[in-house]
file run.pdb (PDB, C-alpha atoms)
MODEL        1
ATOM      1  CA  GLN A   1     -14.908   8.482  -1.502  1.00  0.00           C
ATOM      2  CA  ALA A   2     -11.738   9.888   0.052  1.00  0.00           C
ATOM      3  CA  ILE A   3     -10.073   6.464  -0.079  1.00  0.00           C
ATOM      4  CA  LEU A   4     -11.124   6.013  -3.706  1.00  0.00           C
ATOM      5  CA  VAL A   5      -9.683   9.422  -4.650  1.00  0.00           C
ATOM      6  CA  GLN A   6      -6.436   8.576  -2.841  1.00  0.00           C
ATOM      7  CA  ALA A   7      -6.239   5.192  -4.573  1.00  0.00           C
ATOM      8  CA  VAL A   8      -6.814   6.722  -8.022  1.00  0.00           C
ATOM      9  CA  LEU A   9      -4.217   9.426  -7.337  1.00  0.00           C
ATOM     10  CA  ALA A  10      -1.690   6.889  -6.045  1.00  0.00           C
ATOM     11  CA  HIS A  11      -2.299   4.661  -9.078  1.00  0.00           C
ATOM     12  CA  ALA A  12      -1.811   7.584 -11.479  1.00  0.00           C
ATOM     13  CA  ILE A  13       1.443   8.414  -9.739  1.00  0.00           C
ATOM     14  CA  LEU A  14       2.543   4.775  -9.893  1.00  0.00           C
ATOM     15  CA  VAL A  15       1.975   4.497 -13.630  1.00  0.00           C
ATOM     16  CA  GLY A  16       4.025   7.616 -14.388  1.00  0.00           C
ATOM     17  CA  THR A  17       6.700   6.703 -11.873  1.00  0.00           C
ATOM     18  CA  GLN A  18       7.198   3.178 -13.185  1.00  0.00           C
ATOM     19  CA  GLU A  19       8.055   4.531 -16.623  1.00  0.00           C
ATOM     20  CA  ARG A  20      10.634   6.939 -15.155  1.00  0.00           C
ATOM     21  CA  LEU A  21      12.082   4.283 -12.859  1.00  0.00           C
ATOM     22  CA  GLN A  22      12.525   1.762 -15.660  1.00  0.00           C
ATOM     23  CA  SER A  23      14.882   4.144 -17.441  1.00  0.00           C
ATOM     24  CA  ALA A  24      16.777   5.015 -14.244  1.00  0.00           C
ATOM     25  CA  VAL A  25      17.321   1.578 -12.716  1.00  0.00           C
ATOM     26  CA  VAL A  26      20.964   0.876 -11.956  1.00  0.00           C
ATOM     27  CA  PHE A  27      20.476  -2.889 -11.935  1.00  0.00           C
ATOM     28  CA  ARG A  28      20.487  -3.234 -15.729  1.00  0.00           C
ATOM     29  CA  SER A  29      23.020  -6.038 -15.875  1.00  0.00           C
ATOM     30  CA  VAL A  30      22.742  -8.908 -13.456  1.00  0.00           C
ATOM     31  CA  ARG A  31      25.890 -10.968 -12.816  1.00  0.00           C
ATOM     32  CA  LEU A  32      25.009 -14.597 -13.413  1.00  0.00           C
ATOM     33  CA  PRO A  33      26.303 -17.395 -11.194  1.00  0.00           C
ATOM     34  CA  ARG A  34      29.217 -19.471 -12.545  1.00  0.00           C
ATOM     35  CA  VAL A  35      27.048 -22.550 -12.898  1.00  0.00           C
ATOM     36  CA  MET A  36      25.290 -21.005 -15.854  1.00  0.00           C
ATOM     37  CA  SER A  37      26.912 -20.805 -19.248  1.00  0.00           C
ATOM     38  CA  GLU A  38      28.083 -17.418 -20.480  1.00  0.00           C
ATOM     39  CA  GLY A  39      25.362 -17.171 -23.117  1.00  0.00           C
ATOM     40  CA  ALA A  40      22.483 -18.274 -20.885  1.00  0.00           C
ATOM     41  CA  ALA A  41      20.236 -15.682 -19.239  1.00  0.00           C
ATOM     42  CA  SER A  42      18.589 -16.257 -15.910  1.00  0.00           C
ATOM     43  CA  PRO A  43      14.792 -16.227 -16.151  1.00  0.00           C
ATOM     44  CA  PHE A  44      14.706 -14.732 -12.646  1.00  0.00           C
ATOM     45  CA  ALA A  45      16.915 -11.726 -13.484  1.00  0.00           C
ATOM     46  CA  GLY A  46      14.031  -9.952 -15.226  1.00  0.00           C
ATOM     47  CA  ILE A  47      11.652 -10.684 -12.355  1.00  0.00           C
ATOM     48  CA  GLY A  48      14.080  -9.185  -9.841  1.00  0.00           C
ATOM     49  CA  VAL A  49      14.412  -5.953 -11.810  1.00  0.00           C
ATOM     50  CA  THR A  50      10.643  -5.787 -12.312  1.00  0.00           C
ATOM     51  CA  VAL A  51       9.996  -6.284  -8.596  1.00  0.00           C
ATOM     52  CA  LEU A  52      12.596  -3.616  -7.693  1.00  0.00           C
ATOM     53  CA  ASN A  53      11.016  -1.175 -10.154  1.00  0.00           C
ATOM     54  CA  ALA A  54       7.582  -1.826  -8.690  1.00  0.00           C
ATOM     55  CA  MET A  55       8.850  -1.399  -5.132  1.00  0.00           C
ATOM     56  CA  GLY A  56      10.469   1.915  -6.080  1.00  0.00           C
ATOM     57  CA  ALA A  57       7.241   3.138  -7.614  1.00  0.00           C
ATOM     58  CA  GLY A  58       5.370   2.037  -4.491  1.00  0.00           C
ATOM     59  CA  ALA A  59       7.808   3.918  -2.249  1.00  0.00           C
ATOM     60  CA  TYR A  60       7.417   7.077  -4.305  1.00  0.00           C
ATOM     61  CA  ALA A  61       3.629   6.877  -4.196  1.00  0.00           C
ATOM     62  CA  SER A  62       3.680   6.119  -0.468  1.00  0.00           C
ATOM     63  CA  VAL A  63       5.190   9.527   0.339  1.00  0.00           C
ATOM     64  CA  ILE A  64       2.489  11.403  -1.549  1.00  0.00           C
ATOM     65  CA  GLN A  65      -0.322   9.276  -0.149  1.00  0.00           C
ATOM     66  CA  ALA A  66       1.095   9.637   3.380  1.00  0.00           C
ATOM     67  CA  ALA A  67       0.888  13.413   3.116  1.00  0.00           C
ATOM     68  CA  LEU A  68      -2.673  13.240   1.788  1.00  0.00           C
ATOM     69  CA  ALA A  69      -3.686  10.734   4.456  1.00  0.00           C
ATOM     70  CA  ALA A  70      -2.141  12.761   7.276  1.00  0.00           C
ATOM     71  CA  LEU A  71      -4.305  15.693   6.243  1.00  0.00           C
ATOM     72  CA  GLY A  72      -7.498  13.815   5.460  1.00  0.00           C
ATOM     73  CA  GLU A  73      -7.784  10.630   7.530  1.00  0.00           C
ATOM     74  CA  PRO A  74      -8.158  12.188  10.988  1.00  0.00           C
ATOM     75  CA  ILE A  75     -10.967  14.416   9.719  1.00  0.00           C
ATOM     76  CA  VAL A  76     -12.699  11.700   7.671  1.00  0.00           C
ATOM     77  CA  ASN A  77     -12.483   9.215  10.560  1.00  0.00           C
ATOM     78  CA  ARG A  78     -14.066  11.718  12.935  1.00  0.00           C
ATOM     79  CA  VAL A  79     -16.902  12.357  10.489  1.00  0.00           C
ATOM     80  CA  LEU A  80     -17.534   8.665   9.772  1.00  0.00           C
ATOM     81  CA  VAL A  81     -16.846   7.083  13.167  1.00  0.00           C
ATOM     82  CA  LYS A  82     -17.640   9.806  15.689  1.00  0.00           C
ATOM     83  CA  ARG A  83     -20.448  11.199  13.503  1.00  0.00           C
ATOM     84  CA  MET A  84     -19.106  14.742  13.778  1.00  0.00           C
ATOM     85  CA  LYS A  85     -19.931  17.462  11.300  1.00  0.00           C
ATOM     86  CA  VAL A  86     -17.101  18.299   8.920  1.00  0.00           C
ATOM     87  CA  MET A  87     -16.385  21.680  10.483  1.00  0.00           C
ATOM     88  CA  GLU A  88     -16.445  20.154  13.978  1.00  0.00           C
ATOM     89  CA  ALA A  89     -14.004  17.488  12.847  1.00  0.00           C
ATOM     90  CA  MET A  90     -11.713  20.109  11.331  1.00  0.00           C
ATOM     91  CA  ASP A  91     -11.831  22.097  14.572  1.00  0.00           C
ATOM     92  CA  ASP A  92     -11.112  18.932  16.569  1.00  0.00           C
ATOM     93  CA  VAL A  93      -7.759  18.291  14.860  1.00  0.00           C
ATOM     94  CA  SER A  94      -4.731  20.526  15.227  1.00  0.00           C
ATOM     95  CA  LEU A  95      -1.727  21.047  12.997  1.00  0.00           C
ATOM     96  CA  ALA A  96       0.466  19.376  15.613  1.00  0.00           C
ATOM     97  CA  MET A  97      -1.881  16.352  15.563  1.00  0.00           C
ATOM     98  CA  LEU A  98      -1.706  16.160  11.753  1.00  0.00           C
ATOM     99  CA  LEU A  99       2.094  16.380  11.760  1.00  0.00           C
ATOM    100  CA  ASP A 100       2.239  13.736  14.460  1.00  0.00           C
ATOM    101  CA  PHE A 101      -0.058  11.493  12.408  1.00  0.00           C
ATOM    102  CA  PHE A 102       2.228  11.982   9.373  1.00  0.00           C
ATOM    103  CA  LYS A 103       4.911  10.237  11.442  1.00  0.00           C
ATOM    104  CA  THR A 104       2.549   7.243  11.483  1.00  0.00           C
ATOM    105  CA  THR A 105       1.343   7.381   7.861  1.00  0.00           C
ATOM    106  CA  LEU A 106       4.773   7.611   6.260  1.00  0.00           C
ATOM    107  CA  PRO A 107       6.334   4.469   7.778  1.00  0.00           C
ATOM    108  CA  THR A 108       3.142   2.444   7.382  1.00  0.00           C
ATOM    109  CA  ASN A 109       2.914   3.453   3.719  1.00  0.00           C
ATOM    110  CA  PHE A 110       6.593   2.602   3.209  1.00  0.00           C
ATOM    111  CA  LEU A 111       5.720  -0.887   4.382  1.00  0.00           C
ATOM    112  CA  LYS A 112       2.450  -1.326   2.521  1.00  0.00           C
ATOM    113  CA  PHE A 113       2.868   0.278  -0.918  1.00  0.00           C
ATOM    114  CA  PRO A 114       6.191  -1.315  -1.967  1.00  0.00           C
ATOM    115  CA  PHE A 115       5.047  -4.659  -0.524  1.00  0.00           C
ATOM    116  CA  PHE A 116       1.838  -4.652  -2.594  1.00  0.00           C
ATOM    117  CA  GLU A 117       3.734  -3.654  -5.738  1.00  0.00           C
ATOM    118  CA  ALA A 118       6.352  -6.354  -5.159  1.00  0.00           C
ATOM    119  CA  ILE A 119       3.729  -9.085  -4.723  1.00  0.00           C
ATOM    120  CA  ASN A 120       1.802  -7.940  -7.782  1.00  0.00           C
ATOM    121  CA  ALA A 121       4.927  -7.601  -9.952  1.00  0.00           C
ATOM    122  CA  PHE A 122       6.174 -11.030  -8.914  1.00  0.00           C
ATOM    123  CA  CYS A 123       2.792 -12.619  -9.647  1.00  0.00           C
ATOM    124  CA  ALA A 124       2.634 -10.832 -13.019  1.00  0.00           C
ATOM    125  CA  ALA A 125       5.697 -12.813 -14.060  1.00  0.00           C
ATOM    126  CA  LEU A 126       3.957 -16.100 -13.288  1.00  0.00           C
ATOM    127  CA  PRO A 127       1.725 -17.865 -15.826  1.00  0.00           C
ATOM    128  CA  ILE A 128      -1.505 -17.256 -13.895  1.00  0.00           C
ATOM    129  CA  SER A 129      -4.651 -15.374 -14.828  1.00  0.00           C
ATOM    130  CA  PRO A 130      -5.229 -11.790 -13.628  1.00  0.00           C
ATOM    131  CA  SER A 131      -8.047 -13.043 -11.374  1.00  0.00           C
ATOM    132  CA  THR A 132      -5.845 -15.653  -9.685  1.00  0.00           C
ATOM    133  CA  ARG A 133      -3.063 -13.093  -9.347  1.00  0.00           C
ATOM    134  CA  GLY A 134      -5.529 -10.655  -7.757  1.00  0.00           C
ATOM    135  CA  ILE A 135      -6.805 -13.244  -5.293  1.00  0.00           C
ATOM    136  CA  PHE A 136      -3.270 -14.238  -4.286  1.00  0.00           C
ATOM    137  CA  THR A 137      -2.029 -10.635  -4.048  1.00  0.00           C
ATOM    138  CA  GLY A 138      -5.066  -9.530  -2.044  1.00  0.00           C
ATOM    139  CA  PHE A 139      -4.802 -12.466   0.355  1.00  0.00           C
ATOM    140  CA  VAL A 140      -1.070 -12.120   1.043  1.00  0.00           C
ATOM    141  CA  PHE A 141      -1.211  -8.324   1.237  1.00  0.00           C
ATOM    142  CA  THR A 142      -4.183  -8.184   3.611  1.00  0.00           C
ATOM    143  CA  THR A 143      -2.926 -10.937   5.873  1.00  0.00           C
ATOM    144  CA  ALA A 144       0.510  -9.346   6.168  1.00  0.00           C
ATOM    145  CA  THR A 145      -0.445  -5.671   6.418  1.00  0.00           C
ATOM    146  CA  LEU A 146      -3.794  -5.502   8.222  1.00  0.00           C
ATOM    147  CA  PRO A 147      -2.075  -5.061  11.604  1.00  0.00           C
ATOM    148  CA  VAL A 148      -0.261  -2.040  10.148  1.00  0.00           C
ATOM    149  CA  THR A 149      -3.533  -0.639   8.793  1.00  0.00           C
ATOM    150  CA  ASN A 150      -5.342  -1.134  12.087  1.00  0.00           C
ATOM    151  CA  TYR A 151      -2.440   0.388  14.002  1.00  0.00           C
ATOM    152  CA  ARG A 152      -2.631   3.459  11.772  1.00  0.00           C
ATOM    153  CA  TYR A 153      -6.414   3.720  12.107  1.00  0.00           C
ATOM    154  CA  ARG A 154      -6.259   3.482  15.887  1.00  0.00           C
ATOM    155  CA  LYS A 155      -3.524   6.133  15.994  1.00  0.00           C
ATOM    156  CA  SER A 156      -5.589   8.474  13.803  1.00  0.00           C
ATOM    157  CA  MET A 157      -8.544   8.082  16.184  1.00  0.00           C
ATOM    158  CA  GLN A 158      -6.282   8.337  19.226  1.00  0.00           C
ATOM    159  CA  LEU A 159      -7.495   4.926  20.434  1.00  0.00           C
ATOM    160  CA  GLU A 160      -5.620   2.336  22.457  1.00  0.00           C
ATOM    161  CA  VAL A 161      -3.483  -0.024  20.372  1.00  0.00           C
ATOM    162  CA  ASN A 162      -3.124  -3.665  21.475  1.00  0.00           C
ATOM    163  CA  TRP A 163      -2.633  -7.054  19.820  1.00  0.00           C
ATOM    164  CA  GLY A 164      -6.272  -8.007  20.321  1.00  0.00           C
ATOM    165  CA  ASN A 165      -7.496  -5.535  17.707  1.00  0.00           C
ATOM    166  CA  MET A 166      -4.813  -5.878  15.051  1.00  0.00           C
ATOM    167  CA  TYR A 167      -6.937  -8.157  12.825  1.00  0.00           C
ATOM    168  CA  GLU A 168     -10.257  -6.344  13.241  1.00  0.00           C
ATOM    169  CA  ALA A 169     -12.358  -6.322  10.068  1.00  0.00           C
ATOM    170  CA  TYR A 170     -10.193  -8.971   8.377  1.00  0.00           C
ATOM    171  CA  PHE A 171     -12.805 -10.446   6.016  1.00  0.00           C
ATOM    172  CA  PRO A 172     -14.260  -7.151   4.704  1.00  0.00           C
ATOM    173  CA  THR A 173     -10.722  -5.854   4.183  1.00  0.00           C
ATOM    174  CA  LEU A 174      -9.688  -9.100   2.479  1.00  0.00           C
ATOM    175  CA  ILE A 175     -12.626  -8.909   0.072  1.00  0.00           C
ATOM    176  CA  ARG A 176     -11.938  -5.228  -0.665  1.00  0.00           C
ATOM    177  CA  ASP A 177      -8.246  -5.882  -1.369  1.00  0.00           C
ATOM    178  CA  ILE A 178      -8.946  -8.910  -3.559  1.00  0.00           C
ATOM    179  CA  VAL A 179     -11.504  -6.967  -5.613  1.00  0.00           C
ATOM    180  CA  TYR A 180      -9.062  -4.037  -5.938  1.00  0.00           C
ATOM    181  CA  SER A 181      -6.240  -6.351  -7.020  1.00  0.00           C
ATOM    182  CA  ILE A 182      -8.356  -8.155  -9.605  1.00  0.00           C
ATOM    183  CA  CYS A 183      -9.720  -4.883 -11.036  1.00  0.00           C
ATOM    184  CA  ARG A 184      -6.273  -3.346 -11.168  1.00  0.00           C
ATOM    185  CA  ASN A 185      -4.837  -6.391 -12.944  1.00  0.00           C
ATOM    186  CA  TYR A 186      -7.505  -6.154 -15.627  1.00  0.00           C
ATOM    187  CA  CYS A 187      -7.223  -2.353 -15.985  1.00  0.00           C
ATOM    188  CA  THR A 188      -3.431  -2.100 -16.194  1.00  0.00           C
TER     189      THR A 188
ENDMDL
END
call {"tool": "encode", "arguments": {"input": "run.pdb", "output": "C-alpha cells"}}
result
Amino acid sequence: QAILVQAVLAHAILVGTQERLQSAVVFRSVRLPRVMSEGAASPFAGIGVTVLNAMGAGAYASVIQAALAALGEPIVNRVLVKRMKVMEAMDDVSLAMLLDFFKTTLPTNFLKFPFFEAINAFCAALPISPSTRGIFTGFVFTTATLPVTNYRYRKSMQLEVNWGNMYEAYFPTLIRDIVYSICRNYCT
C-alpha cells in the first residue's frame, strides 16, 4: 500500500510538473544540421525536447519521493520483512538512520525516475501500441535499474551489499514494472 500511495503521489506530481516544464524549457529552437534544407524540420527535434521534459519531471518527482521513501521505507521494510510491530519498527529507526538513508534514496531516485520517463517519452513518439510500449519500457527499466533498487533495499535493511544479490527478484519485479507501464500508458 505504501508503494502504491508513493506511486500515485509521484504520478500526480509528474503530471503537474510536465505542464510547467513544457512552458519553461529553454530548448525551444533546435539548430538543424547544414545537410537539411532551411525549411525542413527534424522529426527527432520534437522527441529530444519531449524526452528532456520527461526527464525533468522525473527528476522533480524523484526528490519528493526520496524524502517520502527515506521516512517510510525503513519502517515498512522492518514491518514486512522482520515482522516487527509498527511501533517497534518506529523505535528501531533513528533520525540519523533516516537522514543517512535519504543519502541513498535521493541518488537512486535521480537515476531511476528520469530514466523511466525518458524511455517512456521516447517510446511514446514511436508508432507502437501502449501495450508494446509498456512491455518495452518495463523490460528496459527493470533490467537497467534493478541493481539500484536492490542496493537501496539492502541499505534500508542494513544488509550486506554484493554483486550476487543485485538481480534478486528479477521476474516478479519485471512483471510488476511491465504491468505498471502498460496501465500508465492507457491511463495517461
call {"tool": "resolve_selection", "arguments": {"input": "run.pdb", "expression": "the PyMOL selection byres ((chain A and resi 169-173) around 8)", "output": "list in words"}}
result
Thr142, Thr143, Leu146, Tyr167, Glu168, Leu174, Ile175, Arg176 and Asp177 of chain A
call {"tool": "closest_residue", "arguments": {"input": "run.pdb", "among": "A:Asn120, A:Thr145, A:Asn77, A:Thr108", "to": "A:Leu159", "atoms": "only C-alpha atoms"}}
result
A:Asn77
call {"tool": "closest_residue", "arguments": {"input": "run.pdb", "among": "A:Met166, A:Ile182, A:Ile128, A:Ala118", "to": "A:Gly48", "atoms": "all atoms listed in the file"}}
result
A:Ala118
call {"tool": "closest_residue", "arguments": {"input": "run.pdb", "among": "A:Cys183, A:Ala57, A:Ile75, A:Phe115", "to": "A:Leu95", "atoms": "all atoms listed in the file"}}
result
A:Ile75
call {"tool": "closest_residue", "arguments": {"input": "run.pdb", "among": "A:Gly134, A:Gly72, A:Gly58, A:Gly164", "to": "A:Phe113", "atoms": "all atoms listed in the file"}}
result
A:Gly58
call {"tool": "resolve_selection", "arguments": {"input": "run.pdb", "expression": "the PyMOL selection byres ((chain A and resi 97) around 10)", "output": "list in words"}}
result
Ala70, Leu71, Pro74, Asp92, Val93, Ser94, Leu95, Ala96, Leu98, Leu99, Asp100, Phe101, Phe102, Ser156 and Gln158 of chain A
call {"tool": "atom_distance", "arguments": {"input": "run.pdb", "atom1": "atom CA of A:Thr50", "atom2": "atom CA of A:Leu126"}}
result
12.3 Å
call {"tool": "closest_residue", "arguments": {"input": "run.pdb", "among": "A:Leu106, A:Met84, A:Val161, A:Val148", "to": "A:Ala67", "atoms": "all atoms listed in the file"}}
result
A:Leu106
call {"tool": "resolve_selection", "arguments": {"input": "run.pdb", "expression": "the PyMOL selection byres ((chain A and resi 119) around 10)", "output": "ChimeraX atom specification"}}
result
/A:51,54-55,114-118,120-124,133-134,136-138,140-141
call {"tool": "closest_residue", "arguments": {"input": "run.pdb", "among": "A:Gln65, A:Ser131, A:Asn109, A:Asn165", "to": "A:Pro147", "atoms": "all atoms listed in the file"}}
result
A:Asn165
call {"tool": "atom_distance", "arguments": {"input": "run.pdb", "atom1": "atom CA of A:Ile64", "atom2": "atom CA of A:Lys103"}}
result
13.3 Å
call {"tool": "atom_distance", "arguments": {"input": "run.pdb", "atom1": "atom CA of A:Val76", "atom2": "atom CA of A:Asp91"}}
result
12.5 Å
